[in-house]
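Student: Data: start-v8.cif, mmCIF, N, CA and C atoms.
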```cif
data_run
loop_
_atom_site.label_atom_id
_atom_site.label_comp_id
_atom_site.auth_asym_id
_atom_site.auth_seq_id
_atom_site.Cartn_x
_atom_site.Cartn_y
_atom_site.Cartn_z
N MET A 1 94.50 96.05 125.08
CA MET A 1 95.79 96.30 124.47
C MET A 1 96.55 97.34 125.27
N PRO A 2 97.84 97.18 125.42
CA PRO A 2 98.63 98.13 126.21
C PRO A 2 98.55 99.56 125.68
N LYS A 3 98.60 100.49 126.63
CA LYS A 3 98.54 101.92 126.32
C LYS A 3 99.94 102.52 126.47
N ILE A 4 100.38 103.22 125.41
CA ILE A 4 101.74 103.75 125.35
C ILE A 4 101.71 105.26 125.20
N LEU A 5 102.57 105.94 125.97
CA LEU A 5 102.77 107.38 125.85
C LEU A 5 104.12 107.60 125.20
N ILE A 6 104.12 108.25 124.02
CA ILE A 6 105.39 108.57 123.36
C ILE A 6 105.65 110.07 123.53
N VAL A 7 106.89 110.40 123.88
CA VAL A 7 107.26 111.78 124.17
C VAL A 7 108.52 112.13 123.38
N ASP A 8 108.38 113.11 122.50
CA ASP A 8 109.51 113.55 121.67
C ASP A 8 109.20 114.95 121.18
N ASP A 9 110.22 115.80 121.12
CA ASP A 9 110.01 117.16 120.63
C ASP A 9 110.04 117.24 119.10
N ALA A 10 110.36 116.14 118.43
CA ALA A 10 110.39 116.10 116.96
C ALA A 10 109.08 115.52 116.45
N PRO A 11 108.24 116.34 115.80
CA PRO A 11 106.95 115.85 115.31
C PRO A 11 107.07 114.65 114.37
N THR A 12 108.11 114.61 113.56
CA THR A 12 108.29 113.50 112.62
C THR A 12 108.50 112.19 113.38
N VAL A 13 109.32 112.23 114.41
CA VAL A 13 109.58 111.02 115.21
C VAL A 13 108.29 110.57 115.90
N LEU A 14 107.56 111.52 116.47
CA LEU A 14 106.28 111.18 117.12
C LEU A 14 105.35 110.48 116.12
N ASN A 15 105.24 111.03 114.93
CA ASN A 15 104.33 110.46 113.93
C ASN A 15 104.78 109.08 113.47
N ILE A 16 106.09 108.90 113.30
CA ILE A 16 106.61 107.58 112.90
C ILE A 16 106.33 106.55 113.99
N GLU A 17 106.64 106.91 115.23
CA GLU A 17 106.39 105.98 116.34
C GLU A 17 104.91 105.65 116.44
N GLU A 18 104.08 106.68 116.35
CA GLU A 18 102.63 106.45 116.44
C GLU A 18 102.16 105.50 115.34
N TYR A 19 102.62 105.72 114.13
CA TYR A 19 102.22 104.86 113.01
C TYR A 19 102.64 103.41 113.26
N ILE A 20 103.90 103.21 113.63
CA ILE A 20 104.41 101.85 113.86
C ILE A 20 103.63 101.16 114.97
N LEU A 21 103.42 101.85 116.06
CA LEU A 21 102.78 101.22 117.23
C LEU A 21 101.29 100.99 117.03
N THR A 22 100.61 101.89 116.33
CA THR A 22 99.17 101.66 116.08
C THR A 22 98.98 100.52 115.08
N GLN A 23 99.94 100.32 114.17
CA GLN A 23 99.88 99.17 113.25
C GLN A 23 99.96 97.86 114.03
N GLU A 24 100.62 97.92 115.18
CA GLU A 24 100.74 96.74 116.04
C GLU A 24 99.57 96.65 117.04
N LYS A 25 98.60 97.52 116.86
CA LYS A 25 97.36 97.55 117.66
C LYS A 25 97.55 98.06 119.10
N PHE A 26 98.63 98.81 119.33
CA PHE A 26 98.80 99.45 120.64
C PHE A 26 97.98 100.74 120.65
N GLN A 27 97.49 101.11 121.83
CA GLN A 27 96.85 102.40 122.03
C GLN A 27 97.97 103.40 122.25
N VAL A 28 97.98 104.50 121.52
CA VAL A 28 99.08 105.45 121.59
C VAL A 28 98.58 106.85 121.92
N ASP A 29 99.28 107.51 122.84
CA ASP A 29 99.04 108.90 123.18
C ASP A 29 100.39 109.60 122.99
N LYS A 30 100.36 110.88 122.62
CA LYS A 30 101.60 111.60 122.32
C LYS A 30 101.72 112.86 123.16
N ALA A 31 102.97 113.25 123.43
CA ALA A 31 103.28 114.53 124.06
C ALA A 31 104.56 115.04 123.40
N ASP A 32 104.63 116.37 123.18
CA ASP A 32 105.81 116.90 122.50
C ASP A 32 106.83 117.53 123.44
N ASN A 33 106.60 117.36 124.75
CA ASN A 33 107.59 117.81 125.73
C ASN A 33 107.31 117.13 127.07
N ALA A 34 108.27 117.24 127.98
CA ALA A 34 108.18 116.55 129.26
C ALA A 34 107.03 117.07 130.12
N MET A 35 106.79 118.38 130.10
CA MET A 35 105.71 118.94 130.94
C MET A 35 104.34 118.41 130.50
N ALA A 36 104.11 118.37 129.20
CA ALA A 36 102.85 117.82 128.69
C ALA A 36 102.72 116.35 129.05
N ALA A 37 103.84 115.63 129.00
CA ALA A 37 103.83 114.21 129.36
C ALA A 37 103.48 114.03 130.84
N LEU A 38 104.07 114.84 131.69
CA LEU A 38 103.78 114.74 133.13
C LEU A 38 102.31 115.02 133.41
N ASP A 39 101.72 115.99 132.71
CA ASP A 39 100.28 116.26 132.87
C ASP A 39 99.47 115.02 132.51
N LYS A 40 99.83 114.35 131.45
CA LYS A 40 99.11 113.14 131.04
C LYS A 40 99.29 112.03 132.08
N ILE A 41 100.52 111.85 132.57
CA ILE A 41 100.80 110.78 133.53
C ILE A 41 100.12 111.06 134.87
N ARG A 42 99.90 112.30 135.21
CA ARG A 42 99.17 112.63 136.45
C ARG A 42 97.72 112.18 136.38
N ASN A 43 97.17 112.12 135.15
CA ASN A 43 95.75 111.90 134.99
C ASN A 43 95.35 110.54 134.45
N GLN A 44 96.29 109.76 133.98
CA GLN A 44 95.93 108.45 133.45
C GLN A 44 97.08 107.47 133.51
N GLN A 45 96.71 106.20 133.47
CA GLN A 45 97.67 105.11 133.56
C GLN A 45 98.15 104.71 132.16
N TYR A 46 99.45 104.56 132.03
CA TYR A 46 100.05 104.05 130.80
C TYR A 46 100.84 102.80 131.15
N ASP A 47 100.86 101.85 130.23
CA ASP A 47 101.66 100.65 130.44
C ASP A 47 103.13 100.91 130.13
N LEU A 48 103.37 101.83 129.18
CA LEU A 48 104.73 102.11 128.73
C LEU A 48 104.86 103.57 128.32
N GLY A 49 105.99 104.15 128.66
CA GLY A 49 106.36 105.47 128.16
C GLY A 49 107.62 105.32 127.33
N ILE A 50 107.64 105.94 126.15
CA ILE A 50 108.84 105.99 125.32
C ILE A 50 109.28 107.44 125.31
N PHE A 51 110.39 107.73 125.99
CA PHE A 51 110.83 109.10 126.21
C PHE A 51 112.13 109.39 125.46
N ASP A 52 112.11 110.47 124.67
CA ASP A 52 113.32 110.96 124.02
C ASP A 52 114.21 111.57 125.09
N VAL A 53 115.51 111.38 124.98
CA VAL A 53 116.43 111.97 125.97
C VAL A 53 116.57 113.47 125.76
N ASN A 54 116.88 113.88 124.54
CA ASN A 54 117.21 115.28 124.29
C ASN A 54 115.98 116.08 123.88
N MET A 55 115.39 116.75 124.87
CA MET A 55 114.25 117.63 124.62
C MET A 55 114.50 118.95 125.34
N PRO A 56 113.96 120.04 124.81
CA PRO A 56 114.10 121.32 125.52
C PRO A 56 113.35 121.27 126.85
N GLY A 57 113.83 122.00 127.81
CA GLY A 57 113.17 122.01 129.12
C GLY A 57 113.69 120.89 129.99
N LYS A 58 113.03 119.76 129.95
CA LYS A 58 113.43 118.59 130.73
C LYS A 58 113.82 117.47 129.78
N SER A 59 114.87 116.77 130.14
CA SER A 59 115.30 115.62 129.33
C SER A 59 114.41 114.42 129.63
N GLY A 60 114.55 113.40 128.81
CA GLY A 60 113.81 112.16 129.04
C GLY A 60 114.20 111.49 130.35
N ILE A 61 115.44 111.71 130.77
CA ILE A 61 115.89 111.15 132.05
C ILE A 61 115.23 111.89 133.21
N GLU A 62 115.17 113.21 133.12
CA GLU A 62 114.47 113.98 134.16
C GLU A 62 112.98 113.63 134.17
N LEU A 63 112.41 113.44 132.99
CA LEU A 63 111.01 113.04 132.90
C LEU A 63 110.80 111.69 133.58
N THR A 64 111.72 110.77 133.36
CA THR A 64 111.64 109.46 134.00
C THR A 64 111.65 109.59 135.52
N GLU A 65 112.57 110.39 136.05
CA GLU A 65 112.66 110.59 137.50
C GLU A 65 111.36 111.17 138.06
N GLU A 66 110.81 112.16 137.38
CA GLU A 66 109.58 112.79 137.87
C GLU A 66 108.38 111.88 137.70
N ALA A 67 108.32 111.15 136.60
CA ALA A 67 107.20 110.21 136.38
C ALA A 67 107.17 109.15 137.48
N ARG A 68 108.33 108.70 137.90
CA ARG A 68 108.41 107.67 138.95
C ARG A 68 107.85 108.16 140.30
N GLN A 69 107.75 109.47 140.47
CA GLN A 69 107.22 110.03 141.72
C GLN A 69 105.69 110.13 141.70
N LEU A 70 105.06 109.93 140.55
CA LEU A 70 103.61 110.07 140.42
C LEU A 70 102.93 108.72 140.60
N PRO A 71 101.72 108.72 141.18
CA PRO A 71 101.01 107.45 141.38
C PRO A 71 100.88 106.62 140.10
N TYR A 72 100.52 107.25 138.98
CA TYR A 72 100.37 106.49 137.74
C TYR A 72 101.70 106.20 137.06
N GLY A 73 102.77 106.82 137.51
CA GLY A 73 104.07 106.59 136.89
C GLY A 73 104.94 105.58 137.59
N LYS A 74 104.57 105.23 138.82
CA LYS A 74 105.39 104.31 139.61
C LYS A 74 105.67 102.98 138.92
N ASN A 75 104.63 102.40 138.31
CA ASN A 75 104.76 101.07 137.73
C ASN A 75 104.81 101.04 136.21
N MET A 76 104.79 102.22 135.61
CA MET A 76 104.86 102.31 134.16
C MET A 76 106.24 101.85 133.69
N LYS A 77 106.29 101.06 132.64
CA LYS A 77 107.56 100.69 132.02
C LYS A 77 108.04 101.91 131.22
N ILE A 78 109.35 102.13 131.18
CA ILE A 78 109.90 103.28 130.45
C ILE A 78 111.04 102.83 129.55
N LEU A 79 110.92 103.21 128.28
CA LEU A 79 111.92 102.95 127.27
C LEU A 79 112.50 104.30 126.84
N ILE A 80 113.81 104.44 126.93
CA ILE A 80 114.49 105.68 126.56
C ILE A 80 114.91 105.59 125.09
N LEU A 81 114.59 106.64 124.35
CA LEU A 81 114.93 106.72 122.93
C LEU A 81 115.96 107.83 122.75
N THR A 82 117.11 107.50 122.16
CA THR A 82 118.17 108.51 122.06
C THR A 82 119.15 108.21 120.93
N THR A 83 119.88 109.23 120.55
CA THR A 83 120.98 109.07 119.59
C THR A 83 122.29 108.88 120.33
N VAL A 84 122.28 109.04 121.66
CA VAL A 84 123.49 108.99 122.48
C VAL A 84 123.85 107.54 122.82
N THR A 85 125.09 107.16 122.54
CA THR A 85 125.52 105.79 122.83
C THR A 85 126.36 105.70 124.10
N ASP A 86 126.53 106.81 124.75
CA ASP A 86 127.36 106.94 125.95
C ASP A 86 126.86 106.03 127.08
N SER A 87 127.74 105.21 127.64
CA SER A 87 127.34 104.29 128.71
C SER A 87 126.99 105.04 130.00
N GLU A 88 127.60 106.20 130.22
CA GLU A 88 127.26 107.00 131.40
C GLU A 88 125.81 107.47 131.33
N MET A 89 125.37 107.88 130.13
CA MET A 89 123.97 108.31 129.94
C MET A 89 123.03 107.13 130.16
N ARG A 90 123.41 105.97 129.68
CA ARG A 90 122.59 104.77 129.87
C ARG A 90 122.47 104.44 131.37
N ASP A 91 123.57 104.57 132.10
CA ASP A 91 123.55 104.32 133.55
C ASP A 91 122.65 105.33 134.27
N ARG A 92 122.71 106.59 133.85
CA ARG A 92 121.84 107.62 134.45
C ARG A 92 120.37 107.29 134.20
N ALA A 93 120.06 106.85 132.99
CA ALA A 93 118.68 106.49 132.66
C ALA A 93 118.20 105.32 133.50
N LYS A 94 119.06 104.33 133.65
CA LYS A 94 118.72 103.15 134.45
C LYS A 94 118.49 103.54 135.91
N LYS A 95 119.39 104.38 136.44
CA LYS A 95 119.27 104.84 137.82
C LYS A 95 117.98 105.65 138.02
N ALA A 96 117.57 106.40 136.98
CA ALA A 96 116.34 107.20 137.06
C ALA A 96 115.09 106.33 137.05
N GLY A 97 115.23 105.08 136.57
CA GLY A 97 114.09 104.17 136.57
C GLY A 97 113.69 103.65 135.20
N ALA A 98 114.52 103.90 134.18
CA ALA A 98 114.20 103.39 132.84
C ALA A 98 114.38 101.87 132.80
N ASN A 99 113.51 101.22 132.03
CA ASN A 99 113.56 99.77 131.89
C ASN A 99 114.31 99.31 130.66
N GLY A 100 114.53 100.24 129.71
CA GLY A 100 115.20 99.86 128.48
C GLY A 100 115.67 101.08 127.70
N TRP A 101 116.33 100.83 126.60
CA TRP A 101 117.04 101.85 125.84
C TRP A 101 117.01 101.45 124.37
N ILE A 102 116.68 102.37 123.49
CA ILE A 102 116.74 102.09 122.06
C ILE A 102 117.39 103.28 121.35
N LEU A 103 118.28 102.98 120.42
CA LEU A 103 119.01 104.03 119.71
C LEU A 103 118.27 104.49 118.47
N GLU A 104 118.36 105.81 118.22
CA GLU A 104 117.86 106.39 116.98
C GLU A 104 119.04 106.54 116.03
N PRO A 105 118.86 106.40 114.75
CA PRO A 105 117.61 106.00 114.12
C PRO A 105 117.35 104.51 114.36
N PHE A 106 116.10 104.15 114.44
CA PHE A 106 115.74 102.77 114.72
C PHE A 106 115.00 102.18 113.52
N GLU A 107 115.09 100.88 113.41
CA GLU A 107 114.30 100.15 112.42
C GLU A 107 112.96 99.83 113.06
N GLU A 108 111.93 99.78 112.26
CA GLU A 108 110.57 99.49 112.75
C GLU A 108 110.56 98.22 113.59
N GLU A 109 111.22 97.17 113.10
CA GLU A 109 111.22 95.88 113.81
C GLU A 109 111.89 96.00 115.18
N ASP A 110 112.94 96.82 115.26
CA ASP A 110 113.65 96.98 116.53
C ASP A 110 112.77 97.67 117.57
N LEU A 111 112.03 98.69 117.15
CA LEU A 111 111.12 99.38 118.08
C LEU A 111 110.05 98.42 118.56
N VAL A 112 109.42 97.72 117.64
CA VAL A 112 108.35 96.78 118.00
C VAL A 112 108.88 95.70 118.93
N LYS A 113 110.05 95.16 118.62
CA LYS A 113 110.65 94.11 119.45
C LYS A 113 110.92 94.62 120.86
N ALA A 114 111.50 95.82 120.98
CA ALA A 114 111.80 96.40 122.30
C ALA A 114 110.53 96.64 123.09
N VAL A 115 109.51 97.18 122.45
CA VAL A 115 108.24 97.46 123.14
C VAL A 115 107.60 96.16 123.63
N LYS A 116 107.53 95.18 122.76
CA LYS A 116 106.91 93.90 123.14
C LYS A 116 107.70 93.21 124.25
N GLN A 117 109.03 93.30 124.18
CA GLN A 117 109.87 92.67 125.20
C GLN A 117 109.63 93.34 126.56
N ILE A 118 109.64 94.65 126.60
CA ILE A 118 109.45 95.37 127.86
C ILE A 118 108.06 95.12 128.44
N LEU A 119 107.06 95.04 127.55
CA LEU A 119 105.69 94.82 128.02
C LEU A 119 105.38 93.35 128.28
N GLY A 120 106.25 92.47 127.81
CA GLY A 120 106.02 91.04 128.00
C GLY A 120 104.86 90.52 127.18
N VAL A 121 104.69 91.08 125.97
CA VAL A 121 103.63 90.61 125.07
C VAL A 121 104.28 90.07 123.80
N SER A 122 103.51 89.23 123.08
CA SER A 122 104.07 88.67 121.84
C SER A 122 103.28 89.10 120.63
#
```
Transcribe the structure of this file into structure tokens.
Tutor:
Amino acid sequence: MPKILIVDDAPTVLNIEEYILTQEKFQVDKADNAMAALDKIRNQQYDLGIFDVNMPGKSGIELTEEARQLPYGKNMKILILTTVTDSEMRDRAKKAGANGWILEPFEEEDLVKAVKQILGVS
């Protein structure tokens, strides 16, 4: 089963995502900031990263750029999670290497659909 790294500075969002994704039988690992996420990506392979845009320290877009420079991050799929609907932000995320985008607040079905679509699983 695919392994997913979820990164968000909001504990409630992390717990909701973890619950939804483990119900779908995905393996889930969590990080509450970009630096902790980078440490995890340096040491293990993930099929997908779900990165919040607005986090203290480094944004999800900066995390995406740095993850793409790591051996285990080069081929990882990345889904950006944000409340921002700005097309310029979406373009920056895409340029950084993100594969998709989902808006908060999200419905459970929308998250599952986006994850499955990006991973190519049914």
Student: Show me as a VMD selection string the residues that reach within 6.5 Å of (104.7, 118.6, 120.0), counting all atoms listed in the file and using the file's own coordinates.
Tutor: chain A and resid 8 to 11 31 to 33
Student: Could you list, as a list in words, every residue within 8 Å of A:Ala37, counting all atoms listed in the file and ignoring same-chain residues fewer than 4 positions away?
Tutor: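 Once the adjacent positions are removed, what remains is Leu5, Ile6, Val7, Lys30, Ala31, Asp32, Asn33, Ile41, Arg42, Asn43, Leu63 and Ala67 of chain A.
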Student: Just checking: using all atoms listed in the file, which residue out of A:Lys3, A:Arg92, A:Lys77, A:Lys116 ends up closest to A:Ile61?
Tutor: A:Arg92
Student: Could you tell me, as number ranges by chain, which residues of chain A DSSP assigns to alpha helix (DSSP H) when given the backbone?
Tutor: A: 11-23, 34-43, 60-67, 87-96, 108-119
Student: For A:Lys58, please output as a count of residues only all residues within 10 Å (counting only C-alpha atoms; exclusion window: fewer than 5 positions along the same chain).
Tutor: 7
Student: To verify the selection step, state as an MDAnalysis selection string which residues the PyMOL selection byres ((chain A and resi 98) around 6.5) yields on this input.
Tutor: chainID A and resid 64 78:80 93:97 99:100
Student: If you keep N, CA and C atoms, can you produce a file of those selected residues as a compact mmCIF listing (two decimals), in the coordinates of the input?
Tutor:
```
# COMPACT_ATOMS: atom_id res chain seq x y z
N THR A 64 111.72 110.77 133.36
CA THR A 64 111.64 109.46 134.00
C THR A 64 111.65 109.59 135.52
N ILE A 78 109.35 102.13 131.18
CA ILE A 78 109.90 103.28 130.45
C ILE A 78 111.04 102.83 129.55
N LEU A 79 110.92 103.21 128.28
CA LEU A 79 111.92 102.95 127.27
C LEU A 79 112.50 104.30 126.84
N ILE A 80 113.81 104.44 126.93
CA ILE A 80 114.49 105.68 126.56
C ILE A 80 114.91 105.59 125.09
N ALA A 93 120.06 106.85 132.99
CA ALA A 93 118.68 106.49 132.66
C ALA A 93 118.20 105.32 133.50
N LYS A 94 119.06 104.33 133.65
CA LYS A 94 118.72 103.15 134.45
C LYS A 94 118.49 103.54 135.91
N LYS A 95 119.39 104.38 136.44
CA LYS A 95 119.27 104.84 137.82
C LYS A 95 117.98 105.65 138.02
N ALA A 96 117.57 106.40 136.98
CA ALA A 96 116.34 107.20 137.06
C ALA A 96 115.09 106.33 137.05
N GLY A 97 115.23 105.08 136.57
CA GLY A 97 114.09 104.17 136.57
C GLY A 97 113.69 103.65 135.20
N ASN A 99 113.51 101.22 132.03
CA ASN A 99 113.56 99.77 131.89
C ASN A 99 114.31 99.31 130.66
N GLY A 100 114.53 100.24 129.71
CA GLY A 100 115.20 99.86 128.48
C GLY A 100 115.67 101.08 127.70
```
Student: I'd like the neighbourhood of A:Lys25 as a count of residues only, where a residue qualifies if any of its atoms comes within 10 Å (using only C-alpha atoms), though same-chain residues fewer than 3 positions away should be ignored.
Tutor: 8
Student: Find the distance between atom CA of A:Ile16 and atom CA of A:Gln44 and write it in Å to one decimal.
Tutor: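 Atom CA of A:Gln44 lies 23.2 Å from atom CA of A:Ile16.
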Student: Which is closer to A:Tyr72 than all the others in A:Leu38, A:Val84, A:Val13, A:Ile50, using only C-alpha atoms?
Tutor: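 Of the candidates, the smallest distance to A:Tyr72 is held by A:Leu38.
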Student: Find the residue from A:Leu81, A:Pro56, A:Gln27, A:Tyr46 that sits nearest to A:Asp110; use only C-alpha atoms when measuring.
Tutor: A:Leu81
Student: Residue by residue, what does the PyMOL selection byres ((chain A and resi 103) around 6) grab here? Present the result as a list in words.
Tutor: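 With the PyMOL selection byres ((chain A and resi 103) around 6) on this model, the match is Leu81, Thr82, Thr83, Trp101, Ile102, Glu104, Pro105 and Phe106 of chain A.
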Student: Please produce an output containing N, CA and C atoms for each residue in the selection, written as an mmCIF file, in the coordinates of the input.
Tutor:
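Once written, result20.cif looks like this:
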```
data_model
loop_
_atom_site.group_PDB
_atom_site.id
_atom_site.type_symbol
_atom_site.label_atom_id
_atom_site.label_comp_id
_atom_site.auth_asym_id
_atom_site.auth_seq_id
_atom_site.Cartn_x
_atom_site.Cartn_y
_atom_site.Cartn_z
ATOM 1 N N LEU A 81 114.590 106.640 124.350
ATOM 2 C CA LEU A 81 114.930 106.720 122.930
ATOM 3 C C LEU A 81 115.960 107.830 122.750
ATOM 4 N N THR A 82 117.110 107.500 122.160
ATOM 5 C CA THR A 82 118.170 108.510 122.060
ATOM 6 C C THR A 82 119.150 108.210 120.930
ATOM 7 N N THR A 83 119.880 109.230 120.550
ATOM 8 C CA THR A 83 120.980 109.070 119.590
ATOM 9 C C THR A 83 122.290 108.880 120.330
ATOM 10 N N TRP A 101 116.330 100.830 126.600
ATOM 11 C CA TRP A 101 117.040 101.850 125.840
ATOM 12 C C TRP A 101 117.010 101.450 124.370
ATOM 13 N N ILE A 102 116.680 102.370 123.490
ATOM 14 C CA ILE A 102 116.740 102.090 122.060
ATOM 15 C C ILE A 102 117.390 103.280 121.350
ATOM 16 N N GLU A 104 118.360 105.810 118.220
ATOM 17 C CA GLU A 104 117.860 106.390 116.980
ATOM 18 C C GLU A 104 119.040 106.540 116.030
ATOM 19 N N PRO A 105 118.860 106.400 114.750
ATOM 20 C CA PRO A 105 117.610 106.000 114.120
ATOM 21 C C PRO A 105 117.350 104.510 114.360
ATOM 22 N N PHE A 106 116.100 104.150 114.440
ATOM 23 C CA PHE A 106 115.740 102.770 114.720
ATOM 24 C C PHE A 106 115.000 102.180 113.520
#
```
Student: Please report, as a PyMOL selection string, each residue of chain A to which DSSP assigns strand (DSSP E) when run on this structure's backbone.
Tutor: chain A and resi 3-7+27-31+48-52+77-82+100-103
Student: Point out the residue among A:Ser59, A:Ser87, A:Asp39, A:Glu24 with the least atom-to-atom distance to A:Val112, counting only C-alpha atoms.
Tutor: A:Glu24
Student: So how far away is atom CA of A:Leu119 from atom CA of A:Asn54, in Å?
Tutor: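 Computing the Euclidean distance for atom CA of A:Asn54 and atom CA of A:Leu119 yields 23.8 Å.
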Student: What separation in Å, quoted to one decimal, exists between atom C of A:Leu48 and atom N of A:Met76?
Tutor: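 A separation of 7.4 Å between them.
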Student: Report, as lines of an AutoDock Vina configuration file, the axis-aligned box around all atoms of stretch 71-87 of chain A present in the file, extended by 4 Å on each side; give centre and edge lengths in Å to one decimal place.
Tutor:
```
center_x = 114.1
center_y = 105.0
center_z = 130.5
size_x = 35.4
size_y = 16.5
size_z = 29.8
```
Student: So, with only C-alpha atoms as the atoms that count, which of A:Glu108, A:Gln45, A:Ile4, A:Ala36 lies closest to A:Lys74?
Tutor: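 Comparing A:Glu108, A:Gln45, A:Ile4, A:Ala36 against A:Lys74, the winner is A:Gln45.
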Student: Compare A:Lys113, A:Glu107, A:Asn75, A:Thr12 by their minimum atom-to-atom distance to A:Asp47, counting only N, CA and C atoms, and give me the closest one.
Tutor: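 The shortest atom-to-atom distance to A:Asp47 comes from A:Asn75.
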